[in-house]
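Structure first, commentary second.
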Amino acid sequence: MNFDQIDAFIAAGLKEDIGTGDVTCLACIPASARNRARLLVKDEGVLAGVTIAERIFKTLDPTAHFEKILDDGTNIKYGDVAFIVECHSQALLQGERLTLNTMQRMSGIATISKQYHDAVADLPVKILDTRKTTPLIRFLEKWAVRIGGCHNYRDGLYDWFMIKDNHTDACGSIQAAIERVDAYQQEKGLNLNVTVEVRNLEELQQVLDTGKVTRIMLDNFQLETMREAVKIVGNRFETEASGGVTLDTLRAIALTGVDYISVGALTHSAQSLDLSLKVLKD
């Protein structure tokens, strides 16, 4: 967990929302006033973002008391209370929207990730996220994916080589692309993983003839062709299925024997969960 990254996100989020000052709070709420509030669940799914919520309120008010009732990753239902926070009222109201926006988004991603995880939990396959994330909050969305039980692929363009169809076409061939990546790694003293995308069995054979990769991505393969491809690869390289994967197609794809399935829907199609922060009246 990178607290510097989290703190930078909180600072930017609060600056965006509060700007030069929360005029309503400044007008209505005495600076010395304090209140308690609870995070009320109004949906079903998987909770995520409690750790962020605590840090938001303690950033705004170092004297805040945060009582965590439910942990990240807990299965939640309507009426559950995730936490209770007591702090200066102005801090409570200023942190409300950033907390809810973040937790609702993260909980939605954790919920769909758990659905995908559970659908193939009995099979030896790992479900991966992709780079189809919201700009600047990828680290939060990938955190939510992990909370839901799935796995992160690469964090960005810098930590994993992924030779896709556009790279191959621009280089002239799969072999040329792989050879250039291998030469670049040697030149720069790198030892990063390499995935290469193939569109058919002919391209698959070109990868097998060349080697020097970690994983072969079978993109938009029909099930029978994917099954054949997995058999051809054997244990020589890791295999990954990608392309339009849904919950309805997930299990059939997993049963072809691939090692990994990458699913953009974990982040780009997640629906936010309904959560609410309510002030408690004594």
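Quick note on naming: the chains in the structure tokens go A, B, ... in the order shown, residues restart at 1 in each chain, and ligands are numbered from 1 in order of appearance.
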Which residues of range 100-129 of chain A come within 12 Å of range 37-43 of chain A, and for each one, what is the closest pair of atoms and their distance in Å to one decimal, counting only C-alpha atoms, sorted by chain and residue number, as a Markdown table?
```
| residue | atom | partner | partner_atom | distance |
| --- | --- | --- | --- | --- |
| A:Leu100 | CA | A:Leu39 | CA | 8.8 |
| A:Met103 | CA | A:Leu39 | CA | 10.2 |
| A:Gln104 | CA | A:Val41 | CA | 9.9 |
| A:Ser107 | CA | A:Asp43 | CA | 10.2 |
| A:Gly108 | CA | A:Asp43 | CA | 10.1 |
| A:Thr111 | CA | A:Asp43 | CA | 10.8 |
```
Give me, as a PDB file with N, CA and C atoms, in the first residue's frame, all polymer residues having an atom no more than 12 Å from range 13-19 of chain A, counting only C-alpha atoms and skipping those fewer than 3 positions away in the same chain.
```pdb
ATOM      1  N   ILE A   6      -1.780   7.510  -1.909  1.00  0.00           N
ATOM      2  CA  ILE A   6      -3.104   7.706  -1.325  1.00  0.00           C
ATOM      3  C   ILE A   6      -3.257   9.141  -0.829  1.00  0.00           C
ATOM      4  N   ASP A   7      -2.252   9.642  -0.134  1.00  0.00           N
ATOM      5  CA  ASP A   7      -2.329  11.005   0.402  1.00  0.00           C
ATOM      6  C   ASP A   7      -2.395  12.043  -0.715  1.00  0.00           C
ATOM      7  N   ALA A   8      -1.682  11.808  -1.801  1.00  0.00           N
ATOM      8  CA  ALA A   8      -1.739  12.732  -2.935  1.00  0.00           C
ATOM      9  C   ALA A   8      -3.131  12.729  -3.552  1.00  0.00           C
ATOM     10  N   PHE A   9      -3.731  11.561  -3.651  1.00  0.00           N
ATOM     11  CA  PHE A   9      -5.102  11.456  -4.174  1.00  0.00           C
ATOM     12  C   PHE A   9      -6.083  12.209  -3.275  1.00  0.00           C
ATOM     13  N   ILE A  10      -5.957  12.008  -1.967  1.00  0.00           N
ATOM     14  CA  ILE A  10      -6.859  12.683  -1.026  1.00  0.00           C
ATOM     15  C   ILE A  10      -6.694  14.194  -1.127  1.00  0.00           C
ATOM     16  N   ASP A  22     -15.493  25.638   1.745  1.00  0.00           N
ATOM     17  CA  ASP A  22     -16.859  25.097   1.750  1.00  0.00           C
ATOM     18  C   ASP A  22     -17.783  26.180   2.307  1.00  0.00           C
ATOM     19  N   VAL A  23     -18.362  26.966   1.431  1.00  0.00           N
ATOM     20  CA  VAL A  23     -19.112  28.147   1.867  1.00  0.00           C
ATOM     21  C   VAL A  23     -20.327  27.797   2.719  1.00  0.00           C
ATOM     22  N   THR A  24     -20.964  26.663   2.428  1.00  0.00           N
ATOM     23  CA  THR A  24     -22.144  26.282   3.209  1.00  0.00           C
ATOM     24  C   THR A  24     -21.759  25.954   4.639  1.00  0.00           C
ATOM     25  N   CYS A  25     -20.704  25.146   4.781  1.00  0.00           N
ATOM     26  CA  CYS A  25     -20.230  24.819   6.130  1.00  0.00           C
ATOM     27  C   CYS A  25     -19.763  26.070   6.873  1.00  0.00           C
ATOM     28  N   LEU A  26     -19.010  26.906   6.187  1.00  0.00           N
ATOM     29  CA  LEU A  26     -18.501  28.114   6.828  1.00  0.00           C
ATOM     30  C   LEU A  26     -19.629  29.011   7.312  1.00  0.00           C
ATOM     31  N   ILE A  52      -9.390   3.970   2.969  1.00  0.00           N
ATOM     32  CA  ILE A  52      -9.314   5.313   2.390  1.00  0.00           C
ATOM     33  C   ILE A  52     -10.181   6.278   3.190  1.00  0.00           C
ATOM     34  N   ILE A  56      -9.151   9.853   4.884  1.00  0.00           N
ATOM     35  CA  ILE A  56      -9.749  11.124   4.456  1.00  0.00           C
ATOM     36  C   ILE A  56     -10.163  11.952   5.673  1.00  0.00           C
ATOM     37  N   PHE A  57     -10.886  11.324   6.594  1.00  0.00           N
ATOM     38  CA  PHE A  57     -11.388  12.080   7.753  1.00  0.00           C
ATOM     39  C   PHE A  57     -10.249  12.513   8.687  1.00  0.00           C
ATOM     40  N   THR A  59      -7.255  13.164   7.709  1.00  0.00           N
ATOM     41  CA  THR A  59      -6.551  14.244   7.012  1.00  0.00           C
ATOM     42  C   THR A  59      -7.227  15.580   7.302  1.00  0.00           C
ATOM     43  N   LEU A  60      -8.548  15.574   7.254  1.00  0.00           N
ATOM     44  CA  LEU A  60      -9.311  16.798   7.505  1.00  0.00           C
ATOM     45  C   LEU A  60      -9.329  17.177   8.980  1.00  0.00           C
ATOM     46  N   GLN A  90     -17.489  20.330  10.383  1.00  0.00           N
ATOM     47  CA  GLN A  90     -17.056  20.840   9.081  1.00  0.00           C
ATOM     48  C   GLN A  90     -16.220  19.795   8.339  1.00  0.00           C
ATOM     49  N   ALA A  91     -15.326  19.131   9.043  1.00  0.00           N
ATOM     50  CA  ALA A  91     -14.509  18.084   8.424  1.00  0.00           C
ATOM     51  C   ALA A  91     -15.383  16.931   7.952  1.00  0.00           C
ATOM     52  N   LEU A  93     -18.518  16.987   6.928  1.00  0.00           N
ATOM     53  CA  LEU A  93     -19.269  17.337   5.729  1.00  0.00           C
ATOM     54  C   LEU A  93     -18.366  17.576   4.530  1.00  0.00           C
ATOM     55  N   GLN A  94     -17.151  18.056   4.777  1.00  0.00           N
ATOM     56  CA  GLN A  94     -16.216  18.283   3.677  1.00  0.00           C
ATOM     57  C   GLN A  94     -15.655  16.972   3.134  1.00  0.00           C
ATOM     58  N   GLY A  95     -15.548  15.968   3.980  1.00  0.00           N
ATOM     59  CA  GLY A  95     -15.010  14.683   3.544  1.00  0.00           C
ATOM     60  C   GLY A  95     -16.055  13.717   3.036  1.00  0.00           C
ATOM     61  N   GLU A  96     -17.314  14.067   3.200  1.00  0.00           N
ATOM     62  CA  GLU A  96     -18.406  13.143   2.861  1.00  0.00           C
ATOM     63  C   GLU A  96     -18.375  12.703   1.404  1.00  0.00           C
ATOM     64  N   ARG A  97     -18.315  13.661   0.482  1.00  0.00           N
ATOM     65  CA  ARG A  97     -18.455  13.303  -0.936  1.00  0.00           C
ATOM     66  C   ARG A  97     -17.241  12.551  -1.463  1.00  0.00           C
ATOM     67  N   LEU A  98     -16.042  12.966  -1.095  1.00  0.00           N
ATOM     68  CA  LEU A  98     -14.851  12.239  -1.538  1.00  0.00           C
ATOM     69  C   LEU A  98     -14.880  10.813  -1.014  1.00  0.00           C
ATOM     70  N   THR A  99     -15.298  10.654   0.237  1.00  0.00           N
ATOM     71  CA  THR A  99     -15.394   9.314   0.814  1.00  0.00           C
ATOM     72  C   THR A  99     -16.407   8.458   0.060  1.00  0.00           C
ATOM     73  N   LEU A 100     -17.589   8.988  -0.162  1.00  0.00           N
ATOM     74  CA  LEU A 100     -18.635   8.205  -0.824  1.00  0.00           C
ATOM     75  C   LEU A 100     -18.278   7.898  -2.271  1.00  0.00           C
ATOM     76  N   ASN A 101     -17.804   8.892  -2.992  1.00  0.00           N
ATOM     77  CA  ASN A 101     -17.451   8.653  -4.397  1.00  0.00           C
ATOM     78  C   ASN A 101     -16.397   7.564  -4.525  1.00  0.00           C
ATOM     79  N   THR A 102     -15.408   7.612  -3.643  1.00  0.00           N
ATOM     80  CA  THR A 102     -14.319   6.638  -3.694  1.00  0.00           C
ATOM     81  C   THR A 102     -14.797   5.251  -3.288  1.00  0.00           C
ATOM     82  N   LEU A 136      -5.951   8.397 -13.520  1.00  0.00           N
ATOM     83  CA  LEU A 136      -5.438   8.928 -12.256  1.00  0.00           C
ATOM     84  C   LEU A 136      -5.891   8.157 -11.018  1.00  0.00           C
ATOM     85  N   ILE A 137      -6.862   7.255 -11.127  1.00  0.00           N
ATOM     86  CA  ILE A 137      -7.238   6.453  -9.953  1.00  0.00           C
ATOM     87  C   ILE A 137      -7.082   4.957 -10.228  1.00  0.00           C
TER      88      ILE A 137
END
```
Residue neighbourhood Arg105 in chain A, 9 Å, only C-alpha atoms, exclusion window fewer than 6 positions, as a count of residues only
8
Could you give me, as a PDB file with N, CA, C and O atoms, in the first residue's frame, each residue of range 26-104 of chain A that DSSP assigns to strand (DSSP E) when run on this structure's backbone?
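Ended up saving to out10.pdb:
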```pdb
ATOM      1  N   ARG A  34     -18.944  19.372  16.723  1.00  0.00           N
ATOM      2  CA  ARG A  34     -18.548  18.007  16.410  1.00  0.00           C
ATOM      3  C   ARG A  34     -19.798  17.163  16.222  1.00  0.00           C
ATOM      4  O   ARG A  34     -20.846  17.432  16.826  1.00  0.00           O
ATOM      5  N   ASN A  35     -19.675  16.145  15.378  1.00  0.00           N
ATOM      6  CA  ASN A  35     -20.792  15.224  15.132  1.00  0.00           C
ATOM      7  C   ASN A  35     -20.273  13.816  14.891  1.00  0.00           C
ATOM      8  O   ASN A  35     -19.100  13.607  14.569  1.00  0.00           O
ATOM      9  N   ARG A  36     -21.180  12.862  15.028  1.00  0.00           N
ATOM     10  CA  ARG A  36     -20.912  11.474  14.674  1.00  0.00           C
ATOM     11  C   ARG A  36     -21.744  11.141  13.441  1.00  0.00           C
ATOM     12  O   ARG A  36     -22.851  11.654  13.262  1.00  0.00           O
ATOM     13  N   ALA A  37     -21.206  10.268  12.598  1.00  0.00           N
ATOM     14  CA  ALA A  37     -21.942   9.824  11.415  1.00  0.00           C
ATOM     15  C   ALA A  37     -21.605   8.364  11.149  1.00  0.00           C
ATOM     16  O   ALA A  37     -20.558   7.862  11.565  1.00  0.00           O
ATOM     17  N   ARG A  38     -22.491   7.691  10.453  1.00  0.00           N
ATOM     18  CA  ARG A  38     -22.266   6.285  10.114  1.00  0.00           C
ATOM     19  C   ARG A  38     -22.319   6.105   8.603  1.00  0.00           C
ATOM     20  O   ARG A  38     -23.046   6.826   7.900  1.00  0.00           O
ATOM     21  N   LEU A  39     -21.556   5.172   8.123  1.00  0.00           N
ATOM     22  CA  LEU A  39     -21.588   4.818   6.706  1.00  0.00           C
ATOM     23  C   LEU A  39     -22.611   3.703   6.554  1.00  0.00           C
ATOM     24  O   LEU A  39     -22.407   2.572   7.004  1.00  0.00           O
ATOM     25  N   LEU A  40     -23.734   4.025   5.920  1.00  0.00           N
ATOM     26  CA  LEU A  40     -24.848   3.097   5.771  1.00  0.00           C
ATOM     27  C   LEU A  40     -24.818   2.447   4.393  1.00  0.00           C
ATOM     28  O   LEU A  40     -24.742   3.128   3.372  1.00  0.00           O
ATOM     29  N   VAL A  41     -24.902   1.130   4.379  1.00  0.00           N
ATOM     30  CA  VAL A  41     -24.938   0.375   3.132  1.00  0.00           C
ATOM     31  C   VAL A  41     -26.385   0.299   2.642  1.00  0.00           C
ATOM     32  O   VAL A  41     -27.288  -0.066   3.393  1.00  0.00           O
ATOM     33  N   GLY A  45     -23.247  -6.357  -2.064  1.00  0.00           N
ATOM     34  CA  GLY A  45     -22.005  -6.526  -2.794  1.00  0.00           C
ATOM     35  C   GLY A  45     -20.834  -6.747  -1.874  1.00  0.00           C
ATOM     36  O   GLY A  45     -20.959  -7.402  -0.828  1.00  0.00           O
ATOM     37  N   VAL A  46     -19.682  -6.210  -2.256  1.00  0.00           N
ATOM     38  CA  VAL A  46     -18.446  -6.359  -1.500  1.00  0.00           C
ATOM     39  C   VAL A  46     -17.939  -4.967  -1.130  1.00  0.00           C
ATOM     40  O   VAL A  46     -17.831  -4.088  -1.988  1.00  0.00           O
ATOM     41  N   HIS A  65     -12.165  10.407  15.440  1.00  0.00           N
ATOM     42  CA  HIS A  65     -12.207   9.038  15.964  1.00  0.00           C
ATOM     43  C   HIS A  65     -12.961   8.186  14.955  1.00  0.00           C
ATOM     44  O   HIS A  65     -14.120   8.454  14.644  1.00  0.00           O
ATOM     45  N   PHE A  66     -12.297   7.157  14.454  1.00  0.00           N
ATOM     46  CA  PHE A  66     -12.861   6.320  13.396  1.00  0.00           C
ATOM     47  C   PHE A  66     -13.055   4.908  13.934  1.00  0.00           C
ATOM     48  O   PHE A  66     -12.096   4.233  14.298  1.00  0.00           O
ATOM     49  N   GLU A  67     -14.289   4.451  13.981  1.00  0.00           N
ATOM     50  CA  GLU A  67     -14.611   3.098  14.451  1.00  0.00           C
ATOM     51  C   GLU A  67     -14.964   2.224  13.252  1.00  0.00           C
ATOM     52  O   GLU A  67     -16.059   2.317  12.701  1.00  0.00           O
ATOM     53  N   LYS A  68     -14.028   1.407  12.857  1.00  0.00           N
ATOM     54  CA  LYS A  68     -14.275   0.502  11.734  1.00  0.00           C
ATOM     55  C   LYS A  68     -15.105  -0.682  12.210  1.00  0.00           C
ATOM     56  O   LYS A  68     -14.724  -1.398  13.137  1.00  0.00           O
ATOM     57  N   ASN A  75     -18.625  -9.133   2.606  1.00  0.00           N
ATOM     58  CA  ASN A  75     -19.891  -9.179   1.864  1.00  0.00           C
ATOM     59  C   ASN A  75     -20.915  -8.329   2.613  1.00  0.00           C
ATOM     60  O   ASN A  75     -21.117  -8.521   3.813  1.00  0.00           O
ATOM     61  N   ILE A  76     -21.537  -7.389   1.915  1.00  0.00           N
ATOM     62  CA  ILE A  76     -22.442  -6.452   2.575  1.00  0.00           C
ATOM     63  C   ILE A  76     -23.844  -6.536   1.987  1.00  0.00           C
ATOM     64  O   ILE A  76     -24.038  -6.985   0.855  1.00  0.00           O
ATOM     65  N   VAL A  81     -23.811  -1.337   8.569  1.00  0.00           N
ATOM     66  CA  VAL A  81     -23.046  -0.127   8.879  1.00  0.00           C
ATOM     67  C   VAL A  81     -21.569  -0.472   8.780  1.00  0.00           C
ATOM     68  O   VAL A  81     -21.094  -1.391   9.454  1.00  0.00           O
ATOM     69  N   ALA A  82     -20.845   0.251   7.917  1.00  0.00           N
ATOM     70  CA  ALA A  82     -19.443  -0.068   7.671  1.00  0.00           C
ATOM     71  C   ALA A  82     -18.526   0.567   8.704  1.00  0.00           C
ATOM     72  O   ALA A  82     -17.533  -0.033   9.117  1.00  0.00           O
ATOM     73  N   PHE A  83     -18.846   1.808   9.105  1.00  0.00           N
ATOM     74  CA  PHE A  83     -18.031   2.479  10.118  1.00  0.00           C
ATOM     75  C   PHE A  83     -18.817   3.617  10.739  1.00  0.00           C
ATOM     76  O   PHE A  83     -19.842   4.065  10.207  1.00  0.00           O
ATOM     77  N   ILE A  84     -18.303   4.078  11.877  1.00  0.00           N
ATOM     78  CA  ILE A  84     -18.818   5.282  12.521  1.00  0.00           C
ATOM     79  C   ILE A  84     -17.639   6.220  12.724  1.00  0.00           C
ATOM     80  O   ILE A  84     -16.574   5.796  13.177  1.00  0.00           O
ATOM     81  N   VAL A  85     -17.822   7.493  12.365  1.00  0.00           N
ATOM     82  CA  VAL A  85     -16.755   8.472  12.520  1.00  0.00           C
ATOM     83  C   VAL A  85     -17.267   9.635  13.365  1.00  0.00           C
ATOM     84  O   VAL A  85     -18.409  10.065  13.227  1.00  0.00           O
ATOM     85  N   GLU A  86     -16.413  10.117  14.255  1.00  0.00           N
ATOM     86  CA  GLU A  86     -16.733  11.281  15.082  1.00  0.00           C
ATOM     87  C   GLU A  86     -15.619  12.281  14.906  1.00  0.00           C
ATOM     88  O   GLU A  86     -14.432  11.966  15.073  1.00  0.00           O
ATOM     89  N   CYS A  87     -15.987  13.511  14.509  1.00  0.00           N
ATOM     90  CA  CYS A  87     -14.980  14.532  14.248  1.00  0.00           C
ATOM     91  C   CYS A  87     -15.640  15.900  14.183  1.00  0.00           C
ATOM     92  O   CYS A  87     -16.857  16.019  14.391  1.00  0.00           O
ATOM     93  N   HIS A  88     -14.859  16.930  13.898  1.00  0.00           N
ATOM     94  CA  HIS A  88     -15.431  18.250  13.699  1.00  0.00           C
ATOM     95  C   HIS A  88     -16.457  18.193  12.562  1.00  0.00           C
ATOM     96  O   HIS A  88     -16.208  17.556  11.523  1.00  0.00           O
TER      97      HIS A  88
END
```
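Residues within 7 Å of range 190-192 of chain A, counting only C-alpha atoms and excluding same-chain residues fewer than 2 positions away, are A:Asp159, A:Trp160, A:Phe161, A:Gln185, A:Gln186, A:Lys188, A:Val194.
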Write out the residues from the selection above, keeping all heavy atoms, as a PDB file, in the first residue's frame.
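File again.pdb, as written:
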```pdb
ATOM      1  N   ASP A 159       6.028  -1.638 -16.772  1.00  0.00           N
ATOM      2  CA  ASP A 159       6.452  -2.749 -15.915  1.00  0.00           C
ATOM      3  C   ASP A 159       6.207  -4.126 -16.519  1.00  0.00           C
ATOM      4  O   ASP A 159       6.419  -5.142 -15.853  1.00  0.00           O
ATOM      5  CB  ASP A 159       5.768  -2.653 -14.543  1.00  0.00           C
ATOM      6  CG  ASP A 159       4.252  -2.752 -14.615  1.00  0.00           C
ATOM      7  OD1 ASP A 159       3.689  -2.641 -15.723  1.00  0.00           O
ATOM      8  OD2 ASP A 159       3.620  -2.954 -13.552  1.00  0.00           O
ATOM      9  N   TRP A 160       5.776  -4.178 -17.778  1.00  0.00           N
ATOM     10  CA  TRP A 160       5.516  -5.461 -18.421  1.00  0.00           C
ATOM     11  C   TRP A 160       5.470  -5.215 -19.920  1.00  0.00           C
ATOM     12  O   TRP A 160       4.742  -4.329 -20.381  1.00  0.00           O
ATOM     13  CB  TRP A 160       4.186  -6.023 -17.932  1.00  0.00           C
ATOM     14  CG  TRP A 160       3.885  -7.451 -18.316  1.00  0.00           C
ATOM     15  CD1 TRP A 160       3.787  -7.967 -19.581  1.00  0.00           C
ATOM     16  CD2 TRP A 160       3.622  -8.548 -17.438  1.00  0.00           C
ATOM     17  NE1 TRP A 160       3.481  -9.302 -19.543  1.00  0.00           N
ATOM     18  CE2 TRP A 160       3.374  -9.688 -18.227  1.00  0.00           C
ATOM     19  CE3 TRP A 160       3.566  -8.673 -16.054  1.00  0.00           C
ATOM     20  CZ2 TRP A 160       3.075 -10.933 -17.686  1.00  0.00           C
ATOM     21  CZ3 TRP A 160       3.271  -9.918 -15.521  1.00  0.00           C
ATOM     22  CH2 TRP A 160       3.026 -11.032 -16.319  1.00  0.00           C
ATOM     23  N   PHE A 161       6.224  -5.980 -20.690  1.00  0.00           N
ATOM     24  CA  PHE A 161       6.128  -5.869 -22.143  1.00  0.00           C
ATOM     25  C   PHE A 161       4.876  -6.593 -22.623  1.00  0.00           C
ATOM     26  O   PHE A 161       4.636  -7.750 -22.254  1.00  0.00           O
ATOM     27  CB  PHE A 161       7.347  -6.503 -22.812  1.00  0.00           C
ATOM     28  CG  PHE A 161       8.614  -5.704 -22.676  1.00  0.00           C
ATOM     29  CD1 PHE A 161       9.513  -5.967 -21.654  1.00  0.00           C
ATOM     30  CD2 PHE A 161       8.905  -4.689 -23.577  1.00  0.00           C
ATOM     31  CE1 PHE A 161      10.686  -5.234 -21.534  1.00  0.00           C
ATOM     32  CE2 PHE A 161      10.081  -3.958 -23.466  1.00  0.00           C
ATOM     33  CZ  PHE A 161      10.971  -4.228 -22.441  1.00  0.00           C
ATOM     34  N   GLN A 185      15.642  -5.337 -23.887  1.00  0.00           N
ATOM     35  CA  GLN A 185      15.847  -5.780 -22.501  1.00  0.00           C
ATOM     36  C   GLN A 185      17.337  -5.947 -22.202  1.00  0.00           C
ATOM     37  O   GLN A 185      17.823  -5.520 -21.138  1.00  0.00           O
ATOM     38  CB  GLN A 185      15.120  -7.110 -22.255  1.00  0.00           C
ATOM     39  CG  GLN A 185      13.605  -7.047 -22.324  1.00  0.00           C
ATOM     40  CD  GLN A 185      12.943  -7.603 -21.077  1.00  0.00           C
ATOM     41  OE1 GLN A 185      13.132  -7.040 -20.000  1.00  0.00           O
ATOM     42  NE2 GLN A 185      12.153  -8.655 -21.218  1.00  0.00           N
ATOM     43  N   GLN A 186      18.048  -6.559 -23.123  1.00  0.00           N
ATOM     44  CA  GLN A 186      19.480  -6.771 -22.909  1.00  0.00           C
ATOM     45  C   GLN A 186      20.236  -5.438 -22.873  1.00  0.00           C
ATOM     46  O   GLN A 186      21.119  -5.236 -22.031  1.00  0.00           O
ATOM     47  CB  GLN A 186      20.036  -7.666 -24.010  1.00  0.00           C
ATOM     48  CG  GLN A 186      19.510  -9.102 -23.967  1.00  0.00           C
ATOM     49  CD  GLN A 186      20.160 -10.002 -24.982  1.00  0.00           C
ATOM     50  OE1 GLN A 186      21.381  -9.987 -25.133  1.00  0.00           O
ATOM     51  NE2 GLN A 186      19.364 -10.790 -25.692  1.00  0.00           N
ATOM     52  N   LYS A 188      19.076  -2.492 -22.002  1.00  0.00           N
ATOM     53  CA  LYS A 188      18.718  -1.684 -20.832  1.00  0.00           C
ATOM     54  C   LYS A 188      18.907  -2.424 -19.509  1.00  0.00           C
ATOM     55  O   LYS A 188      18.669  -1.857 -18.440  1.00  0.00           O
ATOM     56  CB  LYS A 188      17.263  -1.223 -20.937  1.00  0.00           C
ATOM     57  CG  LYS A 188      16.954  -0.384 -22.165  1.00  0.00           C
ATOM     58  CD  LYS A 188      17.741   0.913 -22.178  1.00  0.00           C
ATOM     59  CE  LYS A 188      17.383   1.782 -23.385  1.00  0.00           C
ATOM     60  NZ  LYS A 188      18.141   3.060 -23.399  1.00  0.00           N
ATOM     61  N   VAL A 194       7.153 -10.759 -20.598  1.00  0.00           N
ATOM     62  CA  VAL A 194       6.754 -10.421 -21.969  1.00  0.00           C
ATOM     63  C   VAL A 194       5.516 -11.226 -22.346  1.00  0.00           C
ATOM     64  O   VAL A 194       5.521 -12.459 -22.300  1.00  0.00           O
ATOM     65  CB  VAL A 194       7.882 -10.735 -22.980  1.00  0.00           C
ATOM     66  CG1 VAL A 194       7.429 -10.371 -24.399  1.00  0.00           C
ATOM     67  CG2 VAL A 194       9.161 -10.001 -22.608  1.00  0.00           C
TER      68      VAL A 194
END
```
Just asking: which residues within range 210-272 of chain A are alpha helix (DSSP H) according to DSSP, as an MDAnalysis selection string?
chainID A and resid 210 223:233 247:254 265:268
What separates CA of Val120 in chain A and CA of Asp259 in chain A is a distance of 11.9 Å
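Among the candidates A:Thr267, A:Ser32, A:Ser89, A:Thr246, the residue lying nearest to Arg146 in chain A is A:Thr267 (atoms considered: only C-alpha atoms).
For the set A:Lys126, A:His117, A:Arg251, A:Lys164, the residue with the smallest atom-to-atom gap to Thr239 in chain A is A:Lys126, counting only C-alpha atoms.
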Neighbours of Met217 in chain A within 12 Å (only C-alpha atoms; same-chain residues fewer than 3 positions away dropped), as number ranges by chain?
A: 162-165, 194-201, 203-204, 207, 213-214, 220-221, 226, 229-230, 233, 237-243, 258-262
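CA of Asn152 in chain A is positioned 15.5 Å from CA of Asn2 in chain A.
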